[in-house]
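As structure tokens, the structure follows; a few thoughts come after it.
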Protein chains: 2
Amino acid sequence: MFSIGSLSKRTGVKVPTIRYYEQMGLLAEAERSRGNQRRYDKDGLNRLSFIRHSRQLGFSLADIKGLLMLSQHPDTPCADAHDIAARHLDDVRVKIAKLRKLERELKRISACNAAHIADCKVIESLADHGLCEAEH
Amino acid sequence: MFSIGSLSKRTGVKVPTIRYYEQMGLLAEAERSRGNQRRYDKDGLNRLSFIRHSRQLGFSLADIKGLLMLSQHPDTPCADAHDIAARHLDDVRVKIAKLRKLERELKRISACNAAHIADCKVIESLADHGLCEAEH
DNA sequence: ATAATTCCTCTAGCAGCTAGAGGTTCAAGA
DNA sequence: TCTTGAACCTCTAGCTGCTAGAGGAATTAT
């Protein structure tokens, strides 16, 4: 049995964030000490690790809730978890594509050696969408 | 002189968003009709177009505020604007790199044909960080 | 003149936390 | 055992960049 601070250190998830996850229903309400402080065991640690790892992979809290549910019913079809992951992968790919477009555009815009704002390509490009390579 | 709705249609920025920009100090307080409704002219249109375009390129409102300031002082050095754009370009690149890592990891995880959650690689991988290719 | 549309302000909500106030409990050293 | 200081508690508010809705006034079209 260990405290929330200790759980925080072991998982790298900040203390207020742990409490927030509990409030959001991602973590079950923790047991309490006589003085009303949260106490965790190996189970809580595993669950929080799962959450943290999922967050690092960019899953939303809603998705994680779903994944946690699934993980506790070993007999349900794997396809459900797969779907969540696949949808997320799609999202990530879309984001990458968008950011790459941005990168190109920003690179192009930034190539400006003017001395004053009056001639600055950055400002000019922002003011006039017509100067863009592609629409975004 | 045109209404906020008309400005909205011309720029593609939603009405409440325009008001929000005004509140945030990105747009000067608009002139008003006798009945207290906002009226805009070409200037307002240009400024809002600048903002919208900058947002599409992913600049934060704070950055845009800076860029707008700069754009109104044609004699200041272009370097200032350049810095903002370059910093943002860096951010975008960092984001792309992170997302690519995520993409790889998600792709790897999703390659799972198990029938049940019990054997599902998605869940397993999320539960055990040690199964990851790289740290993230 | 009337009805439909647009506009006004104000408040609250979204995600996913983070920070602070004001107060209690715990653990370690004297 | 007592005391101190760190860690804990709950609650509220704030962050970004909007978006939605209530309740009411102005404008525009017929």
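Quick note on naming: the chains in the structure tokens go A, B, ... in the order shown, residues restart at 1 in each chain, and ligands are numbered from 1 in order of appearance.
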Can you pull out every residue from chain B that DSSP, working from the backbone, puts in helix (DSSP H, G or I), and format the result as a PyMOL selection string? chain B and resi 4-11+15-23+42-56+61-71+79-110+117-119+121-127+129-131
Writer output for current selection, C-alpha atoms, as a PDB file, in the first residue's frame:
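Below you can see again_27.pdb, which holds the result:
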ATOM      1  CA  ILE B   4     -20.585  40.851 -38.526  1.00  0.00           C
ATOM      2  CA  GLY B   5     -22.517  38.165 -40.380  1.00  0.00           C
ATOM      3  CA  SER B   6     -21.343  39.507 -43.676  1.00  0.00           C
ATOM      4  CA  LEU B   7     -17.763  39.702 -42.412  1.00  0.00           C
ATOM      5  CA  SER B   8     -18.132  36.138 -41.257  1.00  0.00           C
ATOM      6  CA  LYS B   9     -19.249  34.964 -44.680  1.00  0.00           C
ATOM      7  CA  ARG B  10     -16.455  36.818 -46.452  1.00  0.00           C
ATOM      8  CA  THR B  11     -13.703  35.434 -44.255  1.00  0.00           C
ATOM      9  CA  VAL B  15     -19.539  35.107 -35.871  1.00  0.00           C
ATOM     10  CA  PRO B  16     -18.871  34.163 -32.232  1.00  0.00           C
ATOM     11  CA  THR B  17     -15.227  33.681 -33.104  1.00  0.00           C
ATOM     12  CA  ILE B  18     -15.016  37.202 -34.479  1.00  0.00           C
ATOM     13  CA  ARG B  19     -16.458  38.548 -31.256  1.00  0.00           C
ATOM     14  CA  TYR B  20     -14.028  36.395 -29.354  1.00  0.00           C
ATOM     15  CA  TYR B  21     -11.107  37.856 -31.285  1.00  0.00           C
ATOM     16  CA  GLU B  22     -12.319  41.324 -30.486  1.00  0.00           C
ATOM     17  CA  GLN B  23     -12.544  40.416 -26.838  1.00  0.00           C
ATOM     18  CA  LYS B  42     -12.240  46.899 -45.671  1.00  0.00           C
ATOM     19  CA  ASP B  43      -9.683  47.351 -42.920  1.00  0.00           C
ATOM     20  CA  GLY B  44     -11.474  45.052 -40.559  1.00  0.00           C
ATOM     21  CA  LEU B  45     -11.799  42.522 -43.338  1.00  0.00           C
ATOM     22  CA  ASN B  46      -8.075  42.605 -44.032  1.00  0.00           C
ATOM     23  CA  ARG B  47      -7.180  42.263 -40.418  1.00  0.00           C
ATOM     24  CA  LEU B  48      -9.486  39.332 -39.905  1.00  0.00           C
ATOM     25  CA  SER B  49      -8.185  37.664 -43.058  1.00  0.00           C
ATOM     26  CA  PHE B  50      -4.692  38.014 -41.680  1.00  0.00           C
ATOM     27  CA  ILE B  51      -5.783  36.383 -38.450  1.00  0.00           C
ATOM     28  CA  ARG B  52      -7.605  33.573 -40.162  1.00  0.00           C
ATOM     29  CA  HIS B  53      -4.740  32.828 -42.411  1.00  0.00           C
ATOM     30  CA  SER B  54      -2.321  32.811 -39.507  1.00  0.00           C
ATOM     31  CA  ARG B  55      -4.584  30.464 -37.590  1.00  0.00           C
ATOM     32  CA  GLN B  56      -4.692  28.127 -40.555  1.00  0.00           C
ATOM     33  CA  LEU B  61      -3.380  33.878 -30.868  1.00  0.00           C
ATOM     34  CA  ALA B  62      -0.496  35.315 -28.849  1.00  0.00           C
ATOM     35  CA  ASP B  63       1.845  34.979 -31.825  1.00  0.00           C
ATOM     36  CA  ILE B  64      -0.728  36.490 -34.110  1.00  0.00           C
ATOM     37  CA  LYS B  65      -1.064  39.437 -31.806  1.00  0.00           C
ATOM     38  CA  GLY B  66       2.660  39.969 -32.155  1.00  0.00           C
ATOM     39  CA  LEU B  67       2.589  39.596 -35.899  1.00  0.00           C
ATOM     40  CA  LEU B  68      -0.272  42.069 -36.170  1.00  0.00           C
ATOM     41  CA  MET B  69       1.646  44.598 -34.115  1.00  0.00           C
ATOM     42  CA  LEU B  70       4.659  44.158 -36.330  1.00  0.00           C
ATOM     43  CA  SER B  71       2.642  44.417 -39.489  1.00  0.00           C
ATOM     44  CA  ALA B  79      13.748  39.704 -38.048  1.00  0.00           C
ATOM     45  CA  ASP B  80      11.106  39.907 -35.336  1.00  0.00           C
ATOM     46  CA  ALA B  81       8.441  38.448 -37.546  1.00  0.00           C
ATOM     47  CA  HIS B  82      10.918  35.977 -38.843  1.00  0.00           C
ATOM     48  CA  ASP B  83      11.644  34.748 -35.344  1.00  0.00           C
ATOM     49  CA  ILE B  84       8.024  34.089 -34.606  1.00  0.00           C
ATOM     50  CA  ALA B  85       7.633  32.143 -37.810  1.00  0.00           C
ATOM     51  CA  ALA B  86      10.859  30.210 -37.283  1.00  0.00           C
ATOM     52  CA  ARG B  87       9.913  29.252 -33.753  1.00  0.00           C
ATOM     53  CA  HIS B  88       6.594  28.056 -34.990  1.00  0.00           C
ATOM     54  CA  LEU B  89       8.206  26.090 -37.773  1.00  0.00           C
ATOM     55  CA  ASP B  90      10.358  24.381 -35.179  1.00  0.00           C
ATOM     56  CA  ASP B  91       7.299  23.519 -33.130  1.00  0.00           C
ATOM     57  CA  VAL B  92       5.621  22.050 -36.153  1.00  0.00           C
ATOM     58  CA  ARG B  93       8.654  19.919 -36.918  1.00  0.00           C
ATOM     59  CA  VAL B  94       8.851  18.650 -33.392  1.00  0.00           C
ATOM     60  CA  LYS B  95       5.188  17.740 -33.536  1.00  0.00           C
ATOM     61  CA  ILE B  96       5.656  15.920 -36.819  1.00  0.00           C
ATOM     62  CA  ALA B  97       8.531  13.920 -35.415  1.00  0.00           C
ATOM     63  CA  LYS B  98       6.513  12.928 -32.380  1.00  0.00           C
ATOM     64  CA  LEU B  99       3.519  11.929 -34.423  1.00  0.00           C
ATOM     65  CA  ARG B 100       5.652   9.818 -36.698  1.00  0.00           C
ATOM     66  CA  LYS B 101       6.951   7.910 -33.722  1.00  0.00           C
ATOM     67  CA  LEU B 102       3.384   7.426 -32.589  1.00  0.00           C
ATOM     68  CA  GLU B 103       2.388   6.273 -36.008  1.00  0.00           C
ATOM     69  CA  ARG B 104       5.091   3.625 -36.085  1.00  0.00           C
ATOM     70  CA  GLU B 105       4.208   2.400 -32.630  1.00  0.00           C
ATOM     71  CA  LEU B 106       0.488   2.316 -33.321  1.00  0.00           C
ATOM     72  CA  LYS B 107       1.013   0.480 -36.564  1.00  0.00           C
ATOM     73  CA  ARG B 108       3.118  -2.093 -34.821  1.00  0.00           C
ATOM     74  CA  ILE B 109       0.623  -2.511 -32.025  1.00  0.00           C
ATOM     75  CA  SER B 110      -2.345  -2.777 -34.331  1.00  0.00           C
ATOM     76  CA  ILE B 117      -8.872  -9.508 -25.706  1.00  0.00           C
ATOM     77  CA  ALA B 118      -6.926 -11.966 -23.624  1.00  0.00           C
ATOM     78  CA  ASP B 119      -4.431 -12.368 -26.476  1.00  0.00           C
ATOM     79  CA  LYS B 121      -1.565  -7.191 -28.678  1.00  0.00           C
ATOM     80  CA  VAL B 122      -3.130  -3.761 -28.456  1.00  0.00           C
ATOM     81  CA  ILE B 123      -4.139  -4.234 -24.851  1.00  0.00           C
ATOM     82  CA  GLU B 124      -1.002  -6.084 -23.995  1.00  0.00           C
ATOM     83  CA  SER B 125       1.193  -3.372 -25.404  1.00  0.00           C
ATOM     84  CA  LEU B 126      -0.645  -0.665 -23.585  1.00  0.00           C
ATOM     85  CA  ALA B 127      -0.342  -2.507 -20.340  1.00  0.00           C
ATOM     86  CA  HIS B 129       5.551  -0.319 -21.758  1.00  0.00           C
ATOM     87  CA  GLY B 130       8.462  -2.721 -21.953  1.00  0.00           C
ATOM     88  CA  LEU B 131       7.021  -4.086 -25.174  1.00  0.00           C
TER      89      LEU B 131
END
Mind checking which residues fall within 12 Å of range 16-28 of chain D, counting only C-alpha atoms (C1' of nucleotides), ignoring those fewer than 5 positions away in the same chain, and posting them as a VMD selection string? (chain B and resid 3 13 to 21 24 32 to 38 55 58 to 62) or (chain C and resid 2 to 17)
Where does DSSP see strand (DSSP E) in chain B, if you list the residues as an MDAnalysis selection string? chainID B and resid 31:32 38:39
Can you tell me how far CA of Asp75 in chain A sits from CA of Ala115 in chain B, in Å to one decimal?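 Spanning CA of Asp75 in chain A to CA of Ala115 in chain B is a straight-line distance of 8.7 Å.
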